[in-house]
Amino acid sequence: MGHRYSALLLCFLVYPAVFIGAALVLICIGHWVIAPQSRRTSEQGLVIAIFTMLISGLAQATATSMSRLRPLKYDLFAYRIDTVFGQPSFVLGRFVEHHVWLECLLQVAYGILPNVVAVVLLGYVRESVQKLRFILYSFGMNLLVAPFFTC
């Protein structure tokens with residue numbers, strides 16, 4: 001029984017977006033059942049939550065493949081900017097490497113970024129269709145264009 005929980009914890013640490021996405025799906029289904037007067041909002045939220053769970057893996061695969069296509073990195077520029085401030089990222093990195101729990105926490109925080117997108121979209125579901133389209137367009141453009149700048 002302990003191995004099963006260890007495996008679940010490991011999966012959560014590696015793929016936190018999937019677990020939190022599943023929770024968002026369950027919340028949207030619960031809202032659909034509890035609040036029949038706003039089922040359209042619940043259905044839109046459900047679509048967003050499911051789409052986010054599916055797209056997060058695709059986004060990671062895209063970023064990884066784009067990194068191979070564009071090997072030039074901005075690491076040197078980040079290092080130079082960091083030097084101006086006394087290299088706080090290296091200090092933080094040295095601190096984190098000695099605290100496994102903190103490294104796990106940072107891994108989860110980075111891994112749930114797709115869920116943050118879903119929560120933002122869920123906040124716009126009740127707004128006008130024009131605003132929702134603009135936000136979807138913005139996130140879509142970010143997904144397509146950002147890997148060229150951050151690889």
# chains A, B, ... in the order shown; residues from 1 in each chain; ligands from 1
$ residues_around --residues "A:Pro114" --least-positions-apart "4" --cutoff "9 Å" --atoms "only C-alpha atoms" --output "list of chain:residue names"
A:Ala17, A:Gly21, A:Thr52, A:Met53, A:Ile55, A:Ser56, A:Ala59, A:Ala118, A:Val119
$ atom_distance --atom1 "atom CA of A:Phe19" --atom2 "atom CA of A:Gly45"
16.4 Å
$ atom_distance --atom1 "atom CA of A:Gly111" --atom2 "atom CA of A:Leu132"
24.1 Å
$ residues_around --residues "A:Ile50" --least-positions-apart "6" --cutoff "9 Å" --atoms "only C-alpha atoms" --output "VMD selection string"
chain A and resid 21 to 22 24 to 25
$ closest_residue --among "A:Ile34, A:Leu54, A:Ile112, A:Leu121" --to "A:Tyr137" --atoms "only C-alpha atoms"
A:Leu121
$ atom_distance --atom1 "atom CA of A:Glu127" --atom2 "atom CA of A:Ala23"
23.0 Å
$ decode --residues "stretch 75-99 of chain A" --atoms "C-alpha atoms" --output "PDB file, in the first residue's frame"
ATOM      1  CA  ASP A  75      21.488  32.077 -20.577  1.00  0.00           C
ATOM      2  CA  LEU A  76      24.468  34.397 -21.026  1.00  0.00           C
ATOM      3  CA  PHE A  77      22.187  37.447 -20.941  1.00  0.00           C
ATOM      4  CA  ALA A  78      20.348  36.139 -17.888  1.00  0.00           C
ATOM      5  CA  TYR A  79      23.694  35.475 -16.209  1.00  0.00           C
ATOM      6  CA  ARG A  80      24.897  39.037 -16.928  1.00  0.00           C
ATOM      7  CA  ILE A  81      21.675  40.576 -15.601  1.00  0.00           C
ATOM      8  CA  ASP A  82      21.834  38.307 -12.554  1.00  0.00           C
ATOM      9  CA  THR A  83      25.439  39.429 -11.906  1.00  0.00           C
ATOM     10  CA  VAL A  84      24.266  43.038 -11.576  1.00  0.00           C
ATOM     11  CA  PHE A  85      22.098  41.969  -8.630  1.00  0.00           C
ATOM     12  CA  GLY A  86      24.742  39.808  -6.956  1.00  0.00           C
ATOM     13  CA  GLN A  87      23.635  36.520  -8.583  1.00  0.00           C
ATOM     14  CA  PRO A  88      20.569  35.799  -6.431  1.00  0.00           C
ATOM     15  CA  SER A  89      19.470  32.920  -8.677  1.00  0.00           C
ATOM     16  CA  PHE A  90      22.723  31.054  -8.015  1.00  0.00           C
ATOM     17  CA  VAL A  91      22.402  31.682  -4.280  1.00  0.00           C
ATOM     18  CA  LEU A  92      18.826  30.387  -4.417  1.00  0.00           C
ATOM     19  CA  GLY A  93      19.935  27.375  -6.458  1.00  0.00           C
ATOM     20  CA  ARG A  94      22.613  26.464  -3.936  1.00  0.00           C
ATOM     21  CA  PHE A  95      20.090  26.760  -1.104  1.00  0.00           C
ATOM     22  CA  VAL A  96      17.440  24.678  -2.889  1.00  0.00           C
ATOM     23  CA  GLU A  97      19.816  21.831  -3.772  1.00  0.00           C
ATOM     24  CA  HIS A  98      20.196  21.056  -0.045  1.00  0.00           C
ATOM     25  CA  HIS A  99      16.437  20.988   0.668  1.00  0.00           C
TER      26      HIS A  99
END
